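Reproduced below: protein-v6.pdb, with PDB, C-alpha atoms.
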```
ATOM      1  CA  MET F1270     126.372  79.240  66.031
ATOM      2  CA  PHE F1271     128.985  77.282  68.013
ATOM      3  CA  SER F1272     127.430  73.872  68.680
ATOM      4  CA  ASN F1273     129.894  71.939  70.846
ATOM      5  CA  GLN F1274     127.307  71.307  73.536
ATOM      6  CA  ARG F1275     129.606  69.231  75.719
ATOM      7  CA  LEU F1276     132.128  72.064  75.931
ATOM      8  CA  ILE F1277     129.431  74.702  76.438
ATOM      9  CA  LYS F1278     127.859  72.639  79.219
ATOM     10  CA  ASN F1279     131.245  72.424  80.950
ATOM     11  CA  LEU F1280     131.820  76.181  80.692
ATOM     12  CA  VAL F1281     128.330  77.034  81.943
ATOM     13  CA  LYS F1282     128.792  74.616  84.848
ATOM     14  CA  LYS F1283     131.932  76.497  85.887
ATOM     15  CA  ILE F1284     130.121  79.822  85.669
ATOM     16  CA  SER F1285     127.155  78.533  87.668
ATOM     17  CA  GLN F1286     129.533  77.483  90.436
ATOM     18  CA  VAL F1287     131.097  80.959  90.409
ATOM     19  CA  GLU F1288     127.628  82.502  90.657
ATOM     20  CA  ARG F1289     126.723  80.328  93.657
ATOM     21  CA  GLU F1290     129.941  81.219  95.466
ATOM     22  CA  THR F1291     129.484  84.934  94.758
ATOM     23  CA  LEU F1292     125.890  84.903  95.984
ATOM     24  CA  ASP F1293     126.947  83.019  99.124
ATOM     25  CA  ALA F1294     129.374  85.856  99.861
ATOM     26  CA  LEU F1295     126.559  88.385  99.356
ATOM     27  CA  ARG F1296     124.087  86.511 101.553
ATOM     28  CA  ASP F1297     126.663  85.988 104.298
ATOM     29  CA  GLY F1298     127.556  89.686 104.291
ATOM     30  CA  ARG F1299     131.172  89.018 103.268
ATOM     31  CA  VAL F1300     130.545  91.330 100.316
ATOM     32  CA  GLU F1301     128.092  94.204 100.705
ATOM     33  CA  GLN F1302     128.797  96.721  97.954
ATOM     34  CA  GLU F1303     128.095  96.556  94.236
ATOM     35  CA  ALA F1304     131.624  97.266  93.010
ATOM     36  CA  ALA F1305     133.151  94.712  95.366
ATOM     37  CA  LEU F1306     130.584  92.132  94.255
ATOM     38  CA  THR F1307     131.415  92.721  90.592
ATOM     39  CA  ASP F1308     135.136  92.408  91.338
ATOM     40  CA  ARG F1309     134.580  89.135  93.195
ATOM     41  CA  LEU F1310     132.357  87.709  90.462
ATOM     42  CA  LEU F1311     134.718  88.622  87.637
ATOM     43  CA  GLY F1312     137.791  87.611  89.611
ATOM     44  CA  SER F1313     136.329  84.137  90.168
ATOM     45  CA  MET F1314     135.366  83.855  86.512
ATOM     46  CA  GLU F1315     138.893  84.870  85.537
ATOM     47  CA  HIS F1316     140.209  82.111  87.742
ATOM     48  CA  VAL F1317     138.283  79.404  85.881
ATOM     49  CA  LEU F1318     138.131  80.943  82.379
ATOM     50  CA  ASN F1319     140.244  84.030  81.785
ATOM     51  CA  ARG F1320     143.304  83.698  79.558
ATOM     52  CA  LYS F1321     142.978  79.927  79.603
ATOM     53  CA  GLN F1322     142.322  78.479  76.190
ATOM     54  CA  ILE F1323     139.941  75.608  76.874
ATOM     55  CA  ALA F1324     139.507  73.464  73.764
ATOM     56  CA  GLY F1325     139.940  76.513  71.545
ATOM     57  CA  VAL F1326     137.791  78.830  73.694
ATOM     58  CA  ARG F1327     139.200  81.908  75.416
ATOM     59  CA  TRP F1328     137.106  84.310  77.513
ATOM     60  CA  THR F1329     138.537  87.560  78.862
ATOM     61  CA  VAL F1330     137.093  90.391  80.921
ATOM     62  CA  LYS F1331     138.106  93.939  81.800
ATOM     63  CA  THR F1332     136.800  96.089  84.644
ATOM     64  CA  LEU F1333     136.463  99.705  83.516
ATOM     65  CA  THR F1334     137.958 102.486  85.610
ATOM     66  CA  ASP F1335     135.345 104.405  87.598
ATOM     67  CA  ARG F1336     137.160 107.347  89.196
ATOM     68  CA  GLY F1337     136.898 110.915  87.923
ATOM     69  CA  ARG F1338     135.041 112.667  85.095
ATOM     70  CA  GLY F1339     137.235 111.103  82.447
ATOM     71  CA  SER F1340     136.932 107.557  83.777
ATOM     72  CA  GLN F1341     136.159 104.746  81.354
ATOM     73  CA  GLU F1342     132.808 104.071  83.049
ATOM     74  CA  SER F1343     131.760 107.713  82.676
ATOM     75  CA  VAL F1344     132.529 107.537  78.938
ATOM     76  CA  PHE F1345     131.139 104.104  78.066
ATOM     77  CA  GLY F1346     128.405 103.751  80.709
ATOM     78  CA  ALA F1347     129.647 100.226  81.519
ATOM     79  CA  ASP F1348     131.569  98.897  84.462
ATOM     80  CA  PHE F1349     132.941  95.865  82.642
ATOM     81  CA  MET F1350     133.430  94.430  79.157
ATOM     82  CA  ALA F1351     133.909  90.803  78.157
ATOM     83  CA  ALA F1352     135.168  89.134  74.988
ATOM     84  CA  LEU F1353     134.894  85.578  73.709
ATOM     85  CA  GLU F1354     137.367  84.122  71.214
ATOM     86  CA  LEU F1355     136.720  80.784  69.510
ATOM     87  CA  SER F1356     139.538  79.213  67.532
ATOM     88  CA  LEU F1357     138.588  75.738  66.345
ATOM     89  CA  ASP F1358     139.043  73.735  63.195
ATOM     90  CA  GLY F1359     136.995  75.491  60.538
ATOM     91  CA  TYR F1360     135.462  77.971  62.986
ATOM     92  CA  GLN F1361     136.899  81.246  64.261
ATOM     93  CA  VAL F1362     135.021  84.119  65.837
ATOM     94  CA  ALA F1363     135.539  86.903  68.374
ATOM     95  CA  LYS F1364     132.701  88.853  69.944
ATOM     96  CA  GLY F1365     131.896  90.516  73.237
ATOM     97  CA  PHE F1366     129.584  92.767  75.222
ATOM     98  CA  LEU F1367     129.413  95.750  77.567
ATOM     99  CA  ALA F1368     127.733  95.535  80.962
ATOM    100  CA  GLN F1369     126.626  97.703  83.846
ATOM    101  CA  SER F1370     125.906  96.104  87.230
ATOM    102  CA  LYS F1371     123.298  96.942  89.857
ATOM    103  CA  LEU F1372     122.860  95.514  93.347
ATOM    104  CA  ILE F1373     119.116  95.583  93.921
ATOM    105  CA  GLU F1374     116.363  93.295  95.207
ATOM    106  CA  PRO F1375     113.043  92.799  93.351
ATOM    107  CA  SER F1376     111.199  94.263  96.351
ATOM    108  CA  GLN F1377     113.311  97.421  96.587
ATOM    109  CA  THR F1378     112.150 100.847  95.469
ATOM    110  CA  PHE F1379     114.137 102.099  92.482
ATOM    111  CA  SER F1380     114.104 105.892  92.783
ATOM    112  CA  GLN F1381     113.623 108.279  89.875
ATOM    113  CA  GLN F1382     117.230 109.371  90.269
ATOM    114  CA  GLU F1383     118.396 105.758  89.994
ATOM    115  CA  VAL F1384     116.131 105.151  86.987
ATOM    116  CA  THR F1385     117.530 108.206  85.226
ATOM    117  CA  ARG F1386     121.128 107.236  85.965
ATOM    118  CA  LEU F1387     120.631 103.665  84.720
ATOM    119  CA  ARG F1388     118.953 104.887  81.543
ATOM    120  CA  ASP F1389     121.809 107.304  80.905
ATOM    121  CA  GLN F1390     124.302 104.479  81.377
ATOM    122  CA  CYS F1391     122.344 102.206  79.026
ATOM    123  CA  LYS F1392     122.147 104.956  76.417
ATOM    124  CA  GLN F1393     125.913 105.433  76.639
ATOM    125  CA  MET F1394     126.603 101.704  76.292
ATOM    126  CA  LEU F1395     124.245 101.333  73.343
ATOM    127  CA  SER F1396     125.918 104.215  71.536
ATOM    128  CA  PHE F1397     129.055 102.047  71.477
ATOM    129  CA  SER F1398     127.537  98.594  71.025
ATOM    130  CA  PRO F1399     124.100  96.959  70.611
ATOM    131  CA  ALA F1400     125.427  94.111  72.796
ATOM    132  CA  SER F1401     124.932  96.032  76.050
ATOM    133  CA  PHE F1402     123.394  94.603  79.205
ATOM    134  CA  VAL F1403     122.582  95.237  82.855
ATOM    135  CA  PHE F1404     123.539  92.559  85.407
ATOM    136  CA  LEU F1405     121.274  92.610  88.471
ATOM    137  CA  TYR F1406     122.616  91.145  91.726
ATOM    138  CA  SER F1407     120.043  89.926  94.208
ATOM    139  CA  GLN F1408     120.042  87.662  97.257
ATOM    140  CA  HIS F1409     116.498  86.621  96.329
ATOM    141  CA  SER F1410     116.722  86.243  92.527
ATOM    142  CA  GLY F1411     120.394  85.514  92.029
ATOM    143  CA  ILE F1412     122.128  87.181  89.088
ATOM    144  CA  VAL F1413     119.921  88.043  86.121
ATOM    145  CA  VAL F1414     120.716  89.910  82.923
ATOM    146  CA  VAL F1415     118.523  92.572  81.267
ATOM    147  CA  PRO F1416     119.223  94.011  77.779
ATOM    148  CA  ALA F1417     120.132  97.700  77.947
ATOM    149  CA  ALA F1418     117.654  98.349  75.126
ATOM    150  CA  GLU F1419     114.885  96.954  77.331
ATOM    151  CA  VAL F1420     115.759  99.465  80.061
ATOM    152  CA  LEU F1421     115.554 102.371  77.615
ATOM    153  CA  ALA F1422     112.210 101.208  76.207
ATOM    154  CA  SER F1423     110.537 100.560  79.558
ATOM    155  CA  ARG F1424     108.493 102.664  81.919
ATOM    156  CA  ASP F1425     110.059 103.823  85.197
ATOM    157  CA  CYS F1426     110.380 100.690  87.327
ATOM    158  CA  ASN F1427     112.637  98.379  89.248
ATOM    159  CA  PRO F1428     114.706  96.649  86.504
ATOM    160  CA  HIS F1429     113.757  93.248  87.954
ATOM    161  CA  GLU F1430     110.338  93.822  86.360
ATOM    162  CA  LEU F1431     111.868  93.761  82.869
ATOM    163  CA  THR F1432     112.582  90.841  80.546
ATOM    164  CA  SER F1433     115.681  89.024  81.752
ATOM    165  CA  LYS F1434     117.741  85.840  81.549
ATOM    166  CA  ASN F1435     119.419  84.077  84.412
ATOM    167  CA  MET F1436     123.192  84.180  84.312
ATOM    168  CA  ALA F1437     123.650  80.577  83.158
ATOM    169  CA  SER F1438     121.245  81.042  80.218
ATOM    170  CA  PHE F1439     122.920  84.307  79.241
ATOM    171  CA  TYR F1440     126.389  82.797  79.131
ATOM    172  CA  ARG F1441     125.150  79.683  77.352
ATOM    173  CA  GLU F1442     123.866  81.888  74.527
ATOM    174  CA  HIS F1443     127.052  83.955  74.650
ATOM    175  CA  PHE F1444     129.221  80.838  74.209
ATOM    176  CA  GLU F1445     126.917  79.628  71.453
ATOM    177  CA  CYS F1446     127.572  82.997  69.771
ATOM    178  CA  PHE F1447     123.940  84.142  69.818
ATOM    179  CA  ILE F1448     124.921  87.015  72.123
ATOM    180  CA  GLY F1449     127.780  89.377  71.391
ATOM    181  CA  ASP F1450     129.092  92.121  69.135
ATOM    182  CA  HIS F1451     131.784  91.335  66.548
ATOM    183  CA  GLN F1452     133.152  94.855  67.057
ATOM    184  CA  ILE F1453     134.216  93.922  70.611
ATOM    185  CA  ARG F1454     137.124  91.584  70.018
ATOM    186  CA  LYS F1455     139.348  92.161  73.047
ATOM    187  CA  ALA F1456     138.559  92.879  76.691
ATOM    188  CA  THR F1457     141.609  95.099  77.088
ATOM    189  CA  PRO F1458     142.396  98.833  77.129
ATOM    190  CA  GLN F1459     143.281  98.435  73.437
ATOM    191  CA  GLY F1460     139.908  96.837  72.717
ATOM    192  CA  LEU F1461     138.161  99.661  74.555
ATOM    193  CA  ASP F1462     140.104 102.259  72.582
ATOM    194  CA  GLU F1463     139.214 100.543  69.302
ATOM    195  CA  LEU F1464     135.542 100.649  70.277
ATOM    196  CA  ARG F1465     135.807 104.367  70.998
ATOM    197  CA  GLN F1466     137.520 105.030  67.669
ATOM    198  CA  ARG F1467     134.761 103.211  65.761
ATOM    199  CA  TYR F1468     132.150 105.222  67.647
ATOM    200  CA  GLU F1469     133.888 108.490  66.756
ATOM    201  CA  ALA F1470     134.140 107.388  63.101
ATOM    202  CA  ARG F1471     130.397 106.683  63.010
ATOM    203  CA  ARG F1472     129.677 110.100  64.489
ATOM    204  CA  LEU F1473     131.749 111.704  61.759
ATOM    205  CA  VAL F1474     129.702 109.849  59.123
ATOM    206  CA  LEU F1475     126.479 111.191  60.606
ATOM    207  CA  LEU F1476     127.784 114.727  61.051
ATOM    208  CA  SER F1477     129.131 114.870  57.500
ATOM    209  CA  GLY F1478     125.783 113.948  55.941
ATOM    210  CA  SER F1479     123.434 116.613  54.620
ATOM    211  CA  GLU F1480     119.898 116.992  55.929
ATOM    212  CA  GLU F1481     118.639 114.956  52.962
ATOM    213  CA  ASP F1482     121.076 112.173  53.830
ATOM    214  CA  GLU F1483     120.122 111.967  57.496
ATOM    215  CA  THR F1484     117.801 108.985  57.139
ATOM    216  CA  TYR F1485     120.257 107.154  54.888
ATOM    217  CA  ASN F1486     123.124 107.674  57.312
ATOM    218  CA  ALA F1487     121.001 106.538  60.253
ATOM    219  CA  VAL F1488     120.253 103.297  58.409
ATOM    220  CA  GLN F1489     123.929 102.854  57.591
ATOM    221  CA  LEU F1490     124.788 103.351  61.267
ATOM    222  CA  SER F1491     122.219 100.743  62.321
ATOM    223  CA  LEU F1492     123.580  98.206  59.843
ATOM    224  CA  PHE F1493     127.129  98.886  60.980
ATOM    225  CA  ASP F1494     126.226  98.312  64.629
ATOM    226  CA  ARG F1495     124.728  94.905  63.895
ATOM    227  CA  SER F1496     127.707  93.620  61.960
TER     228      SER F1496
END
```
Kindly return the structure encoded in the file as structure tokens.
Amino acid sequence: MFSNQRLIKNLVKKISQVERETLDALRDGRVEQEAALTDRLLGSMEHVLNRKQIAGVRWTVKTLTDRGRGSQESVFGADFMAALELSLDGYQVAKGFLAQSKLIEPSQTFSQQEVTRLRDQCKQMLSFSPASFVFLYSQHSGIVVVPAAEVLASRDCNPHELTSKNMASFYREHFECFIGDHQIRKATPQGLDELRQRYEARRLVLLSGSEEDETYNAVQLSLFDRS
């Protein structure tokens, strides 16, 4: 756990301001589409955090490509990835997460088609990393974050009905290192490629096992994913 509460409070304050400004743009109609909202949110966060080492803390983010069958989003199920690097005296860590975003109000109907698509995206993300999440944008509820595993385990419903954290709480825990995957070290094309290579290596381990080894390999995979 990273326990510099003064620094964490400062970072979360910056992010909360970004959230307010992004939601103002949504409520005013200056941004109306999900992809544009994500770009505005991440662009503002980049402005205050990205590639700036603040007291040994660096946070970076990458928007995944979303055009065509071979797009990064179609492969990973996410539309952005983020990575946190801490480099302080006696403490160094790098960890990140994958995320898919949805623009939806708590009162809206979430169709079966939308439920199926979101579940497929969550399943894809979780196959690459257990640190996978869905960010919900709402004029009414602000920005809240739902674990992808929660989406897969739930009944068919609007994702606002699921267990969630507000954005400030999520990033507080991320900066404290409670949230994140050590296998996601860079929010760059290289980091994405490394994640894909590890996924393919794990698949080879499972495919190479005999029927008697299936349970053993599944346990090994689970342990690897939590490292």
Stretch 1429-1455 of chain F residues near stretch 1372-1378 of chain F within 12 Å, closest pair each, using all atoms listed in the file, as JSON lines:
```
{"residue": "F:His1429", "atom": "CA", "partner": "F:Pro1375", "partner_atom": "CA", "distance": 5.5}
{"residue": "F:Glu1430", "atom": "CA", "partner": "F:Pro1375", "partner_atom": "CA", "distance": 7.6}
{"residue": "F:Leu1431", "atom": "CA", "partner": "F:Pro1375", "partner_atom": "CA", "distance": 10.6}
```
Selection export as a PDB file, in the coordinates of the input, atoms kept: C-alpha atoms:
```pdb
ATOM      1  CA  HIS F1429     113.757  93.248  87.954  1.00  0.00           C
ATOM      2  CA  GLU F1430     110.338  93.822  86.360  1.00  0.00           C
ATOM      3  CA  LEU F1431     111.868  93.761  82.869  1.00  0.00           C
TER       4      LEU F1431
END
```
* Determine the nearest neighbour of F:Leu1295 from the options F:Gln1408, F:Gln1459, F:Gln1390, F:Gln1452, counting only C-alpha atoms. => F:Gln1408
If you take all atoms listed in the file and a cut-off of 6 Å, which residues of stretch 1355-1401 of chain F touch stretch 1414-1426 of chain F, and what are their nearest atom pairs and distances in Å to one decimal, in chain and number order, as a Markdown table?
```
| residue | atom | partner | partner_atom | distance |
| --- | --- | --- | --- | --- |
| F:Arg1388 | CA | F:Leu1421 | CA | 5.8 |
| F:Cys1391 | CA | F:Ala1417 | CA | 5.1 |
| F:Ser1401 | CA | F:Ala1417 | CA | 5.4 |
```
Since we have the selection now, will you write its residues out, keeping C-alpha atoms, as a short mmCIF file (atom, residue, chain, number, x, y, z; two decimals), in the frame of the given file?
```cif
data_model
loop_
_atom_site.label_atom_id
_atom_site.label_comp_id
_atom_site.auth_asym_id
_atom_site.auth_seq_id
_atom_site.Cartn_x
_atom_site.Cartn_y
_atom_site.Cartn_z
CA ARG F 1388 118.95 104.89 81.54
CA CYS F 1391 122.34 102.21 79.03
CA SER F 1401 124.93 96.03 76.05
#
```
* Written as a ChimeraX atom specification, which residues does the PyMOL selection byres ((chain F and resi 1351) around 7) give for the file shown? -> /F:1329-1331,1349-1350,1352-1353,1365-1367,1456
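Going from atom CA of F:Ser1398 to atom CA of F:Tyr1468 covers 8.8 Å.
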* To do: Determine the residue set returned by the PyMOL selection byres ((chain F and resi 1306-1312) around 9) for the present structure, and present it as a ChimeraX atom specification.
  => /F:1287-1288,1290-1292,1294-1295,1300-1305,1313-1316,1319,1330-1332,1348-1349,1370,1372,1406
* To do: Would you work out the distance separating atom CA of F:Leu1395 from atom CA of F:Ser1433, expressed in Å to one decimal?
  => 17.2 Å
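Restricting the calculation to only C-alpha atoms, the smallest distance between F:His1409 and any of F:Arg1327, F:Arg1454, F:Lys1282, F:Arg1296 is found for F:Arg1296.
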* Asked: Applied to the shown file, which residues does the PyMOL selection byres ((chain F and resi 1440) around 12) return, written as a VMD selection string?
  -> chain F and resid 1277 to 1285 1288 1314 1328 1351 to 1353 1365 to 1366 1404 1412 to 1414 1434 to 1439 1441 to 1449
* Counting all atoms listed in the file, what is within 6 Å of F:Ala1347, bar same-chain residues fewer than 5 positions away, as a PyMOL selection string? -> chain F and resi 1342+1367-1369
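Taking only C-alpha atoms into account, F:Arg1472 lies nearest to F:Ser1396 out of the set F:Ser1343, F:Val1362, F:Arg1338, F:Ser1396.
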Coordinates of box centre and edge lengths for stretch 1341-1360 of chain F, 4 Å on every side, axis-aligned, as JSON:
```
{"center_x": 134.0, "center_y": 90.7, "center_z": 72.5, "size_x": 19.1, "size_y": 42.0, "size_z": 31.9}
```
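If all atoms listed in the file are the atoms counted, then among F:Gln1393, F:Gln1274, F:Thr1432, F:Gln1382 the closest residue to F:Leu1405 is F:Thr1432.
The space between atom CA of F:Phe1402 and atom CA of F:Tyr1360 spans 26.2 Å.
The shell of residues at most 6 Å from F:Asp1450, with all atoms listed in the file counted and near chain neighbours (fewer than 3 positions) removed, consists of F:Lys1364, F:Gly1365, F:Ala1400, F:Ile1453.
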Selected residues written out with C-alpha atoms, as a PDB file, in the coordinates of the input:
```pdb
ATOM      1  CA  LYS F1364     132.701  88.853  69.944  1.00  0.00           C
ATOM      2  CA  GLY F1365     131.896  90.516  73.237  1.00  0.00           C
ATOM      3  CA  ALA F1400     125.427  94.111  72.796  1.00  0.00           C
ATOM      4  CA  ILE F1453     134.216  93.922  70.611  1.00  0.00           C
TER       5      ILE F1453
END
```
* Which of these residues is nearest to F:Asn1427, using only C-alpha atoms: F:Glu1354, F:Lys1455, F:Glu1383, F:Lys1392? -> F:Glu1383
